[in-house]
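> Below is the file final.tsv, which contains TSV, C-alpha atoms.
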```
chain	number	residue	atom	x	y	z
A	60	MET	CA	-243.06	94.45	108.88
A	61	ALA	CA	-241.40	95.52	112.11
A	62	LEU	CA	-238.41	93.50	113.25
A	63	PRO	CA	-238.62	91.68	116.58
A	64	VAL	CA	-237.05	93.79	119.32
A	65	SER	CA	-235.11	92.43	122.26
A	66	PRO	CA	-237.12	92.80	125.47
A	67	VAL	CA	-234.07	94.39	127.09
A	68	MET	CA	-234.72	97.98	126.02
A	69	GLN	CA	-232.30	100.45	127.58
A	70	ARG	CA	-232.78	104.20	127.98
A	71	LEU	CA	-230.21	106.91	127.42
A	72	ALA	CA	-230.91	109.95	129.57
A	73	PRO	CA	-231.24	113.30	127.77
A	74	GLN	CA	-227.88	114.74	126.67
A	75	SER	CA	-225.94	111.58	127.51
A	76	GLY	CA	-224.06	108.83	125.66
A	77	THR	CA	-222.97	105.21	125.85
A	78	ALA	CA	-220.78	102.68	124.04
A	79	PHE	CA	-221.11	98.95	123.38
A	80	VAL	CA	-219.98	96.15	121.08
A	81	LEU	CA	-222.09	94.62	118.33
A	82	ALA	CA	-221.25	91.24	116.80
A	83	ARG	CA	-221.71	90.74	113.08
A	84	GLY	CA	-225.40	90.08	112.43
A	85	ASP	CA	-226.65	91.83	115.58
A	86	VAL	CA	-229.35	94.44	115.00
A	87	LEU	CA	-229.25	97.72	116.88
A	88	HIS	CA	-232.71	99.22	117.44
A	89	ILE	CA	-232.81	102.96	118.14
A	90	VAL	CA	-236.17	104.29	119.33
A	91	ASP	CA	-237.33	107.87	119.87
A	92	PRO	CA	-239.74	107.26	122.78
A	93	PHE	CA	-241.27	110.75	122.95
A	94	GLY	CA	-240.57	112.14	119.47
A	95	CYS	CA	-238.42	114.96	118.06
A	96	GLN	CA	-235.10	113.70	119.49
A	97	VAL	CA	-231.89	112.99	117.58
A	98	ALA	CA	-229.50	110.10	118.32
A	99	ASP	CA	-225.89	110.31	117.12
A	100	VAL	CA	-224.28	107.01	116.05
A	101	MET	CA	-220.54	106.43	115.63
A	102	ALA	CA	-218.90	103.08	114.86
A	103	PHE	CA	-215.46	101.54	114.60
A	104	ASP	CA	-214.30	98.11	113.45
A	105	ALA	CA	-214.03	96.19	116.72
A	106	HIS	CA	-210.72	94.65	115.60
A	107	ASP	CA	-209.09	97.70	113.97
A	108	ARG	CA	-210.12	101.08	115.33
A	109	ARG	CA	-208.57	102.87	112.33
A	110	ALA	CA	-211.57	101.66	110.31
A	111	ARG	CA	-214.51	103.90	111.19
A	112	LEU	CA	-217.90	105.01	109.93
A	113	SER	CA	-217.63	107.23	106.84
A	114	SER	CA	-220.38	109.60	105.78
A	115	GLY	CA	-218.54	110.48	102.57
A	116	ARG	CA	-218.24	106.91	101.33
A	117	SER	CA	-221.76	105.98	102.44
A	118	ILE	CA	-223.36	108.94	100.65
A	119	ASP	CA	-221.11	108.49	97.61
A	120	TYR	CA	-222.02	104.83	97.11
A	121	ALA	CA	-225.74	105.35	97.77
A	122	SER	CA	-225.87	108.47	95.54
A	123	THR	CA	-228.22	110.07	98.05
A	124	THR	CA	-228.14	111.86	101.38
A	125	ARG	CA	-231.53	110.35	102.23
A	126	LEU	CA	-230.31	107.01	103.60
A	127	THR	CA	-233.04	104.57	104.62
A	128	VAL	CA	-234.04	100.88	104.43
A	129	GLY	CA	-231.69	98.87	102.23
A	130	HIS	CA	-228.86	101.40	102.27
A	131	ILE	CA	-225.45	100.46	103.62
A	132	LEU	CA	-223.29	102.61	105.90
A	133	TYR	CA	-219.64	102.08	104.94
A	134	SER	CA	-216.32	102.53	106.69
A	135	ASN	CA	-213.50	104.76	105.47
A	136	ARG	CA	-212.12	101.57	103.89
A	137	SER	CA	-215.32	100.98	101.90
A	138	VAL	CA	-216.28	97.99	104.04
A	139	PRO	CA	-219.97	97.68	104.99
A	140	MET	CA	-220.52	98.44	108.68
A	141	PHE	CA	-224.31	98.70	108.94
A	142	THR	CA	-227.32	97.96	106.77
A	143	ILE	CA	-230.49	99.89	107.56
A	144	VAL	CA	-233.13	97.18	107.94
A	145	GLU	CA	-236.01	99.17	109.44
A	146	ASP	CA	-236.87	102.87	109.36
A	147	THR	CA	-240.20	104.42	110.31
A	148	VAL	CA	-239.09	108.02	109.69
A	149	GLY	CA	-236.96	108.08	106.53
A	150	VAL	CA	-235.25	111.39	107.35
A	151	HIS	CA	-231.83	111.31	109.03
A	152	ASP	CA	-228.60	113.29	108.67
A	153	PHE	CA	-225.12	112.13	107.69
A	154	LEU	CA	-223.63	115.54	106.85
A	155	LEU	CA	-223.12	117.32	110.17
A	156	THR	CA	-220.61	116.50	112.86
A	157	PRO	CA	-221.59	115.73	116.47
A	158	CYS	CA	-222.13	118.87	118.53
A	159	SER	CA	-219.10	119.96	120.55
A	160	PRO	CA	-218.10	122.80	122.86
A	161	ASP	CA	-217.03	124.66	119.70
A	162	THR	CA	-220.53	124.17	118.25
A	163	PHE	CA	-222.03	126.12	121.11
A	164	ARG	CA	-219.31	128.78	120.91
A	165	ILE	CA	-219.44	129.30	117.13
A	166	ILE	CA	-223.09	128.62	116.28
A	167	TYR	CA	-224.86	129.50	119.52
A	168	GLY	CA	-222.45	132.23	120.67
A	169	SER	CA	-222.05	130.72	124.12
A	170	ASN	CA	-218.97	129.90	126.17
A	171	GLU	CA	-221.00	128.47	129.04
A	172	PRO	CA	-220.48	124.78	129.92
A	173	HIS	CA	-222.87	122.63	127.89
A	174	PRO	CA	-223.17	118.86	127.36
A	175	SER	CA	-222.18	117.82	123.83
A	176	CYS	CA	-222.37	114.69	121.74
A	177	LEU	CA	-218.65	114.79	120.95
A	178	GLU	CA	-217.76	114.84	124.65
A	179	ASN	CA	-220.35	112.18	125.48
A	180	LEU	CA	-219.08	109.90	122.72
A	181	ALA	CA	-215.43	110.47	123.65
A	182	THR	CA	-216.13	109.74	127.31
A	183	ALA	CA	-218.05	106.54	126.53
A	184	LEU	CA	-215.47	105.32	124.01
A	185	ALA	CA	-212.35	106.29	125.98
A	186	PRO	CA	-212.09	102.90	127.76
A	187	HIS	CA	-211.79	101.36	124.27
A	188	GLY	CA	-208.88	103.57	123.23
A	189	ILE	CA	-210.93	106.14	121.30
A	190	ASP	CA	-210.60	109.90	121.84
A	191	ASP	CA	-212.36	112.90	120.36
A	192	ASP	CA	-209.89	113.21	117.46
A	193	ASP	CA	-210.96	109.72	116.31
A	194	ILE	CA	-214.65	110.67	116.10
A	195	GLY	CA	-215.73	111.97	112.72
A	196	THR	CA	-219.14	112.70	111.23
A	197	THR	CA	-221.81	110.68	112.98
A	198	PHE	CA	-224.95	109.12	111.52
A	199	ASN	CA	-227.54	111.37	113.13
A	200	ALA	CA	-230.68	109.29	113.44
A	201	PHE	CA	-233.91	111.31	113.17
A	202	MET	CA	-232.05	114.60	112.50
A	203	ASN	CA	-233.81	116.77	109.92
A	204	VAL	CA	-231.41	118.85	107.82
A	205	GLU	CA	-232.88	120.62	104.79
A	206	MET	CA	-230.66	121.56	101.86
A	207	ALA	CA	-231.79	124.40	99.61
A	208	ALA	CA	-231.05	124.66	95.89
A	209	ASP	CA	-228.20	127.09	96.63
A	210	GLY	CA	-226.57	124.54	98.96
A	211	SER	CA	-227.48	126.29	102.20
A	212	LEU	CA	-228.53	124.10	105.11
A	213	ARG	CA	-231.27	124.50	107.71
A	214	VAL	CA	-231.54	122.35	110.82
A	215	LEU	CA	-235.25	121.71	111.43
A	216	PRO	CA	-237.02	119.80	114.21
A	217	PRO	CA	-236.93	116.02	113.70
A	218	LEU	CA	-239.93	114.45	112.00
A	219	SER	CA	-239.85	111.47	114.37
A	220	ARG	CA	-242.90	110.92	116.54
A	221	ALA	CA	-243.20	108.97	119.77
A	222	GLY	CA	-242.17	105.35	119.15
A	223	ASP	CA	-240.50	105.90	115.78
A	224	ARG	CA	-237.44	103.77	115.21
A	225	ILE	CA	-234.53	102.83	113.00
A	226	ALA	CA	-232.73	99.48	113.02
A	227	LEU	CA	-229.13	98.94	111.91
A	228	ARG	CA	-227.72	95.46	111.25
A	229	ALA	CA	-224.02	95.10	111.96
A	230	GLU	CA	-222.15	93.80	108.91
A	231	CYS	CA	-218.94	93.23	110.90
A	232	ASP	CA	-217.97	93.24	114.56
A	233	LEU	CA	-218.36	96.84	115.72
A	234	LEU	CA	-217.60	99.16	118.60
A	235	VAL	CA	-220.50	101.62	118.69
A	236	GLY	CA	-221.06	104.97	120.39
A	237	LEU	CA	-224.60	106.30	120.78
A	238	THR	CA	-225.96	109.56	122.19
A	239	ALA	CA	-229.18	111.36	122.93
A	240	CYS	CA	-228.21	114.58	121.15
A	241	SER	CA	-227.38	117.68	123.17
A	242	ALA	CA	-227.87	120.45	120.55
A	243	GLU	CA	-230.95	122.64	121.01
A	244	GLN	CA	-231.53	123.35	117.32
A	245	SER	CA	-231.37	119.67	116.36
A	246	ASN	CA	-234.09	118.64	118.82
A	247	GLY	CA	-236.68	121.39	118.60
A	248	TYR	CA	-235.17	123.04	121.72
A	249	ALA	CA	-236.27	120.26	124.07
A	250	PHE	CA	-234.08	117.39	125.25
A	251	LYS	CA	-235.50	113.89	125.62
A	252	PRO	CA	-234.14	110.35	126.10
A	253	ILE	CA	-233.35	107.75	123.44
A	254	ASP	CA	-234.18	104.06	123.85
A	255	TRP	CA	-232.05	101.31	122.35
A	256	SER	CA	-231.78	97.54	122.28
A	257	ILE	CA	-229.86	94.79	120.51
A	258	THR	CA	-231.33	91.74	118.81
A	259	PRO	CA	-228.59	89.09	118.54
A	260	GLY	CA	-227.81	87.92	115.02
```
Turn the structure described in the file into structure tokens.

Amino acid sequence: MALPVSPVMQRLAPQSGTAFVLARGDVLHIVDPFGCQVADVMAFDAHDRRARLSSGRSIDYASTTRLTVGHILYSNRSVPMFTIVEDTVGVHDFLLTPCSPDTFRIIYGSNEPHPSCLENLATALAPHGIDDDDIGTTFNAFMNVEMAADGSLRVLPPLSRAGDRIALRAECDLLVGLTACSAEQSNGYAFKPIDWSITPG
């Protein structure tokens, strides 16, 4: 059953980011309104910014990279930060870092100016005392990364279709950064917005 969604749905423009605070028990709804668009999520403990979202601990404790309903996303201190309470796609990434200027230089071979999730997150979180060195691996909602038997990775177009969603319940007070991803490969080479809303706990 779908969770009730706050009527105040907000839209992130393509290749942009935002930041906001979630109280414990609030549910963050992330919606892909047109399909095939990734949203990067980063989180910090609202009362101690040294505690931050940890892909390593989350994957370790779940014993899977395929995190979905019922799984917990932990901090670097092994404290629950989010529980996934709704997921209509079931395929997300928690291995790859947010795209950065270096991503486009090293992977895409370009030195041209390009929006990036790392810069968008750092800009949105800067008023809260966070800079780019504080931002680690993000939970990449809807991102489709395939791992072969030899360990090699392929970034494929997201499987999300128009209206697909994931909902994350805050297990402590959180400072959250959210983007509409800026990397061509991650989004099927087309950039679209991401919708989001918060249901109070």
> Tell me which of A:Pro172, A:Ala98, A:Arg83, A:Asp192 sits closest to Lys251 (chain A), counting all atoms listed in the file.
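Comparing A:Pro172, A:Ala98, A:Arg83, A:Asp192 against Lys251 (chain A), the winner is A:Ala98.
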> Write out as number ranges by chain the residues lying within 12 Å of Leu212 (chain A), counting all atoms listed in the file and excluding same-chain residues fewer than 5 positions away.
A: 152, 154-155, 203-207
> Rank nothing, just name the residue among A:Thr182, A:Arg213, A:Glu230, A:Asp91 nearest to Pro139 (chain A), using only C-alpha atoms.
A:Glu230
> Which residue is closest to Gly149 (chain A)? Choose from A:Arg70, A:Arg220, A:Arg136, A:His187 and count all atoms listed in the file.
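The answer is A:Arg220, which sits nearest to Gly149 (chain A).
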> Using all atoms listed in the file, which residue out of A:Ser122, A:Ser75, A:Ser159, A:Ser113 lies closest to Val97 (chain A)?
A:Ser75
> Counting all atoms listed in the file, which residue out of A:Asp209, A:Asp107, A:Asp190, A:Asp223 sits closest to Val150 (chain A)?
A:Asp223
> Could you list, as a list in words, every residue within 8 Å of Phe153 (chain A), counting only C-alpha atoms and ignoring same-chain residues fewer than 4 positions away?
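Counting only the stated atoms, we get Ser114, Ile118, Thr124, Thr196, Thr197, Phe198 and Asn199 of chain A.
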> Let me see the file: selected residues, C-alpha atoms, as a PDB file, in the frame of the given file.

```pdb
ATOM      1  CA  SER A 114    -220.380 109.600 105.780  1.00  0.00           C
ATOM      2  CA  ILE A 118    -223.360 108.940 100.650  1.00  0.00           C
ATOM      3  CA  THR A 124    -228.140 111.860 101.380  1.00  0.00           C
ATOM      4  CA  THR A 196    -219.140 112.700 111.230  1.00  0.00           C
ATOM      5  CA  THR A 197    -221.810 110.680 112.980  1.00  0.00           C
ATOM      6  CA  PHE A 198    -224.950 109.120 111.520  1.00  0.00           C
ATOM      7  CA  ASN A 199    -227.540 111.370 113.130  1.00  0.00           C
TER       8      ASN A 199
END
```
> So, counting all atoms listed in the file, which residue among A:Ala72, A:Ile143, A:Ala226, A:Leu180 is closest to Arg125 (chain A)?
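Going through A:Ala72, A:Ile143, A:Ala226, A:Leu180 one by one, the smallest distance to Arg125 (chain A) is for A:Ile143.
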> Go ahead and compute the interatomic distance for CA of Gly222 (chain A) and CA of Thr156 (chain A), in Å to one decimal.
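Straight-line distance from CA of Gly222 (chain A) to CA of Thr156 (chain A) works out to 25.1 Å.
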